[in-house]
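Read the structure below first, then the notes.
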Amino acid sequence: MQGTGIFGGSFNPIHNGHIALAKTLLNVTGLDEIWFMVSPQNPLKQQAGLLDDTTRLEMARTALTGEPQLAACDYEFYLTRPSYTWSTLQHLSHDYPDRRFTLIIGADNWKMFGRWYRHEDILRHHDVVIYPRHGSIVDQVELPAGVTLASTPLFDISSTEIRRRVTCGESIDGLVPDVIKQDVKRHYGISKT
Ligand SMILES: Nc1ncnc2c1ncn2[C@@H]1O[C@H](COP(=O)(O)OP(=O)(O)OP(=O)(O)O)[C@@H](O)[C@H]1O
Ligand SMILES: O=C(O)c1ccc[n+]([C@@H]2O[C@H](COP(=O)([O-])O)[C@@H](O)[C@H]2O)c1
């Protein structure tokens with residue numbers, strides 16, 4: 001069975017923090033692949049300034065070119081909205097019987113996990129890997145079976161900060177892969193060379 005991590009998010013836009021995190025997780029978890037599940041609609045968020053699904057997907061695909069174990073995924077585009085992770089995992093397990101899906105979530109999302117749709121079913125059927133986030137402390141002793149806390153660095157980058165910088169005409173060097181830098185500037189602000 002191929003161990004496949006599901007890393008969901010808006011990726012509005014994808015950034016170097018997401019990619020560095022996923023590469024570190026491949027090393028520390030032993031997962032074979034990580035799929036970046038581009039979310040059309042987070043069930044718990046109303047997002048202003050969210051670019052359309054296809055544009056976010058294409059930037060993620062371009063950013064992950066040359067990373068054979070990382071893939072951008074449009075699977076949720078074809079499922080009902082909002083994008084409940086339980087439903088996504090159910091469909092994935094049916095469509096890819098040779099893969100074992102592990103949910104990857106940040107410590108910030110773990111704090112809210114009790115509000116997720118059918119979270120108990122997720123825990124019953126899937127392993128969960130939590131990664132550290134600023135300001136969200138996770139007590140390892142209290143984690144249910146099948147849930148582990150990965151030891152990964154904190155990457156101080158956010159999509160919000162990237163959008164702000166583009167709007168203000170500030171540099172985003174080093175924050176997103178060079179290969180999508182112009183696309184990010186074009187989509188979120190004024191194109192600059
Ligand atoms: N710098 C980072 N390091 C590690 N994880 C991150 C980082 N930024 C975001 N994530 C995680 O990646 C997932 C998807 O990220 P998301 O698309 O929401 O990006 P974001 O940078 O948090 O976006 P925004 O600033 O628009 O809220 C989230 O669940 C979040 O926990
Ligand atoms: O299934 C749920 O109830 C649910 C509630 C909140 C968030 N999620 C998923 O969690 C992932 C991370 O979301 P975000 O906005 O923090 O990047 C994304 O794939 C969301 O669809 C899922």
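Within each chain, counting starts at residue 1; across the structure tokens, chains are named A, B, ... in the order shown, with ligands numbered 1 upward in that order.
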
Please identify the alpha helix (DSSP H) residues within range 81-128 of chain A (assignment by DSSP from backbone atoms) and present them as a PDB file with N, CA and C atoms, in the first residue's frame.
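Final output, saved to selection_0.pdb:
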ATOM      1  N   THR A  85     -13.761  17.145   4.758  1.00  0.00           N
ATOM      2  CA  THR A  85     -12.613  16.249   4.625  1.00  0.00           C
ATOM      3  C   THR A  85     -13.028  14.777   4.745  1.00  0.00           C
ATOM      4  N   TRP A  86     -14.008  14.486   5.582  1.00  0.00           N
ATOM      5  CA  TRP A  86     -14.469  13.097   5.704  1.00  0.00           C
ATOM      6  C   TRP A  86     -14.951  12.578   4.348  1.00  0.00           C
ATOM      7  N   SER A  87     -15.710  13.394   3.670  1.00  0.00           N
ATOM      8  CA  SER A  87     -16.234  12.998   2.367  1.00  0.00           C
ATOM      9  C   SER A  87     -15.087  12.799   1.364  1.00  0.00           C
ATOM     10  N   THR A  88     -14.125  13.697   1.383  1.00  0.00           N
ATOM     11  CA  THR A  88     -12.967  13.579   0.486  1.00  0.00           C
ATOM     12  C   THR A  88     -12.224  12.266   0.742  1.00  0.00           C
ATOM     13  N   LEU A  89     -11.996  11.965   2.009  1.00  0.00           N
ATOM     14  CA  LEU A  89     -11.250  10.747   2.346  1.00  0.00           C
ATOM     15  C   LEU A  89     -12.028   9.490   1.962  1.00  0.00           C
ATOM     16  N   GLN A  90     -13.344   9.547   2.115  1.00  0.00           N
ATOM     17  CA  GLN A  90     -14.183   8.408   1.725  1.00  0.00           C
ATOM     18  C   GLN A  90     -14.065   8.143   0.230  1.00  0.00           C
ATOM     19  N   HIS A  91     -14.204   9.215  -0.553  1.00  0.00           N
ATOM     20  CA  HIS A  91     -14.126   9.059  -2.012  1.00  0.00           C
ATOM     21  C   HIS A  91     -12.733   8.591  -2.446  1.00  0.00           C
ATOM     22  N   LEU A  92     -11.722   9.181  -1.837  1.00  0.00           N
ATOM     23  CA  LEU A  92     -10.353   8.795  -2.199  1.00  0.00           C
ATOM     24  C   LEU A  92     -10.110   7.314  -1.920  1.00  0.00           C
ATOM     25  N   SER A  93     -10.560   6.847  -0.765  1.00  0.00           N
ATOM     26  CA  SER A  93     -10.315   5.445  -0.379  1.00  0.00           C
ATOM     27  C   SER A  93     -11.022   4.507  -1.342  1.00  0.00           C
ATOM     28  N   HIS A  94     -12.180   4.936  -1.841  1.00  0.00           N
ATOM     29  CA  HIS A  94     -12.910   4.124  -2.809  1.00  0.00           C
ATOM     30  C   HIS A  94     -12.200   4.116  -4.167  1.00  0.00           C
ATOM     31  N   ASP A  95     -11.747   5.288  -4.598  1.00  0.00           N
ATOM     32  CA  ASP A  95     -11.154   5.408  -5.935  1.00  0.00           C
ATOM     33  C   ASP A  95      -9.718   4.905  -6.017  1.00  0.00           C
ATOM     34  N   ALA A 107      -1.432  22.210  13.852  1.00  0.00           N
ATOM     35  CA  ALA A 107      -1.865  22.235  15.255  1.00  0.00           C
ATOM     36  C   ALA A 107      -3.027  23.213  15.446  1.00  0.00           C
ATOM     37  N   ASP A 108      -3.074  24.267  14.632  1.00  0.00           N
ATOM     38  CA  ASP A 108      -4.187  25.220  14.719  1.00  0.00           C
ATOM     39  C   ASP A 108      -5.504  24.536  14.335  1.00  0.00           C
ATOM     40  N   ASN A 109      -5.465  23.745  13.294  1.00  0.00           N
ATOM     41  CA  ASN A 109      -6.676  23.029  12.884  1.00  0.00           C
ATOM     42  C   ASN A 109      -7.020  21.893  13.850  1.00  0.00           C
ATOM     43  N   TRP A 110      -6.004  21.275  14.449  1.00  0.00           N
ATOM     44  CA  TRP A 110      -6.268  20.200  15.410  1.00  0.00           C
ATOM     45  C   TRP A 110      -7.102  20.734  16.584  1.00  0.00           C
ATOM     46  N   LYS A 111      -6.830  21.975  16.985  1.00  0.00           N
ATOM     47  CA  LYS A 111      -7.581  22.594  18.101  1.00  0.00           C
ATOM     48  C   LYS A 111      -9.073  22.669  17.773  1.00  0.00           C
ATOM     49  N   HIS A 119     -15.705  14.010  12.517  1.00  0.00           N
ATOM     50  CA  HIS A 119     -14.296  13.881  12.912  1.00  0.00           C
ATOM     51  C   HIS A 119     -14.001  12.527  13.561  1.00  0.00           C
ATOM     52  N   GLU A 120     -15.013  11.955  14.249  1.00  0.00           N
ATOM     53  CA  GLU A 120     -14.757  10.659  14.901  1.00  0.00           C
ATOM     54  C   GLU A 120     -14.539   9.559  13.862  1.00  0.00           C
ATOM     55  N   ASP A 121     -15.275   9.663  12.754  1.00  0.00           N
ATOM     56  CA  ASP A 121     -15.087   8.681  11.677  1.00  0.00           C
ATOM     57  C   ASP A 121     -13.714   8.834  11.035  1.00  0.00           C
ATOM     58  N   ILE A 122     -13.282  10.085  10.886  1.00  0.00           N
ATOM     59  CA  ILE A 122     -11.935  10.305  10.328  1.00  0.00           C
ATOM     60  C   ILE A 122     -10.911   9.568  11.200  1.00  0.00           C
ATOM     61  N   LEU A 123     -11.037   9.744  12.520  1.00  0.00           N
ATOM     62  CA  LEU A 123     -10.065   9.132  13.432  1.00  0.00           C
ATOM     63  C   LEU A 123     -10.168   7.608  13.425  1.00  0.00           C
ATOM     64  N   ARG A 124     -11.372   7.103  13.224  1.00  0.00           N
ATOM     65  CA  ARG A 124     -11.562   5.644  13.201  1.00  0.00           C
ATOM     66  C   ARG A 124     -10.918   5.007  11.958  1.00  0.00           C
ATOM     67  N   HIS A 125     -10.909   5.727  10.857  1.00  0.00           N
ATOM     68  CA  HIS A 125     -10.488   5.112   9.592  1.00  0.00           C
ATOM     69  C   HIS A 125      -9.142   5.589   9.051  1.00  0.00           C
TER      70      HIS A 125
END

Enumerate, in order of chain and increasing residue number, the residues of chain A with an atom no farther than 7 Å from ligand 1, each with its shortest atom pair and distance in Å to one decimal, counting only C-alpha atoms and all ligand atoms, as CSV.
residue,atom,partner,partner_atom_place_in_ligand_line,distance
A:Phe7,CA,ligand 1,13 (C),6.9
A:Gly8,CA,ligand 1,14 (C),5.8
A:Gly9,CA,ligand 1,14 (C),3.6
A:Ser10,CA,ligand 1,17 (O),3.7
A:Phe11,CA,ligand 1,17 (O),3.5
A:Asn12,CA,ligand 1,17 (O),5.6
A:Pro13,CA,ligand 1,17 (O),6.8
A:Ile14,CA,ligand 1,17 (O),6.5
A:Gly17,CA,ligand 1,1 (N),4.0
A:His18,CA,ligand 1,7 (C),5.3
A:Leu21,CA,ligand 1,4 (C),5.7
A:Ile105,CA,ligand 1,29 (O),5.8
A:Gly106,CA,ligand 1,31 (O),4.2
A:Asp108,CA,ligand 1,31 (O),6.3
A:Asn109,CA,ligand 1,29 (O),6.4
A:Arg133,CA,ligand 1,4 (C),6.4
A:Leu154,CA,ligand 1,3 (N),5.8
A:Phe155,CA,ligand 1,1 (N),4.2
A:Asp156,CA,ligand 1,1 (N),4.9
A:Ile157,CA,ligand 1,1 (N),4.2
A:Ser158,CA,ligand 1,21 (O),3.4
A:Ser159,CA,ligand 1,21 (O),3.7
A:Thr160,CA,ligand 1,25 (O),3.6
A:Glu161,CA,ligand 1,25 (O),6.5

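Considering only C-alpha atoms, the residue among A:Ile180, A:Leu149, A:Val28, A:Met1 positioned nearest to Arg61 in chain A is A:Ile180.
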
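Between ligand 2 and the residues A:Ile19, A:Ile104, A:Val166, A:Ala72, the shortest atom-to-atom distance, using only C-alpha atoms and all ligand atoms, involves A:Ile104.
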
A:Pro40, A:Pro97, A:Gly169, A:Pro68 ranked by distance to Thr55 in chain A, top pick (using only C-alpha atoms)
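Among the listed residues, the smallest separation from Thr55 in chain A belongs to A:Pro40.
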
Pick out the residues sitting within 9 Å of Phe101 in chain A, and hand them over as a VMD selection string; count only C-alpha atoms, and ignore anything fewer than 4 positions along from it in its own chain.
chain A and resid 2 to 6 89 92 to 93 126 to 127

Residues of the last selection are to be written out with N, CA and C atoms, as a short mmCIF file (atom, residue, chain, number, x, y, z; two decimals), in the first residue's frame.
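Final output, out-v2.cif:
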data_model
loop_
_atom_site.label_atom_id
_atom_site.label_comp_id
_atom_site.auth_asym_id
_atom_site.auth_seq_id
_atom_site.Cartn_x
_atom_site.Cartn_y
_atom_site.Cartn_z
N GLN A 2 0.54 2.15 -0.85
CA GLN A 2 1.26 3.43 -0.91
C GLN A 2 0.75 4.34 0.21
N GLY A 3 1.62 4.87 1.02
CA GLY A 3 1.22 5.81 2.07
C GLY A 3 1.11 7.21 1.48
N THR A 4 -0.09 7.74 1.47
CA THR A 4 -0.33 9.03 0.82
C THR A 4 -0.89 10.03 1.84
N GLY A 5 -0.17 11.11 2.02
CA GLY A 5 -0.64 12.15 2.94
C GLY A 5 -1.54 13.13 2.22
N ILE A 6 -2.62 13.53 2.87
CA ILE A 6 -3.53 14.52 2.30
C ILE A 6 -3.35 15.83 3.07
N LEU A 89 -12.00 11.96 2.01
CA LEU A 89 -11.25 10.75 2.35
C LEU A 89 -12.03 9.49 1.96
N LEU A 92 -11.72 9.18 -1.84
CA LEU A 92 -10.35 8.79 -2.20
C LEU A 92 -10.11 7.31 -1.92
N SER A 93 -10.56 6.85 -0.77
CA SER A 93 -10.31 5.44 -0.38
C SER A 93 -11.02 4.51 -1.34
N HIS A 126 -8.61 6.65 9.63
CA HIS A 126 -7.37 7.21 9.05
C HIS A 126 -6.38 7.62 10.14
N ASP A 127 -5.10 7.48 9.83
CA ASP A 127 -4.09 8.08 10.69
C ASP A 127 -4.10 9.58 10.45
#

Choose the residue, out of A:Gly189, A:Gly174, A:Pro82, A:Pro144, that has the smallest atom-to-atom separation from ligand 2; count only C-alpha atoms and all ligand atoms.
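Smallest separation from ligand 2 among the options: A:Pro82.
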
Write out as a list in words all residues of range 12-150 of chain A that backbone DSSP assigns to strand (DSSP E).
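Output for range 12-150 of chain A, strand (DSSP E) only: Glu33, Ile34, Trp35, Phe36, Met37, Val38, Leu70, Ala71, Ala72, Cys73, Arg99, Arg100, Phe101, Thr102, Leu103, Ile104, Ile105, Gly106, Val128, Val129, Ile130, Tyr131, Val147, Thr148 and Leu149 of chain A.
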
Show me, as a count of residues only, the residues that have an atom within 7 Å of Leu70 in chain A when counting only C-alpha atoms, minus same-chain residues fewer than 3 positions from it.
5
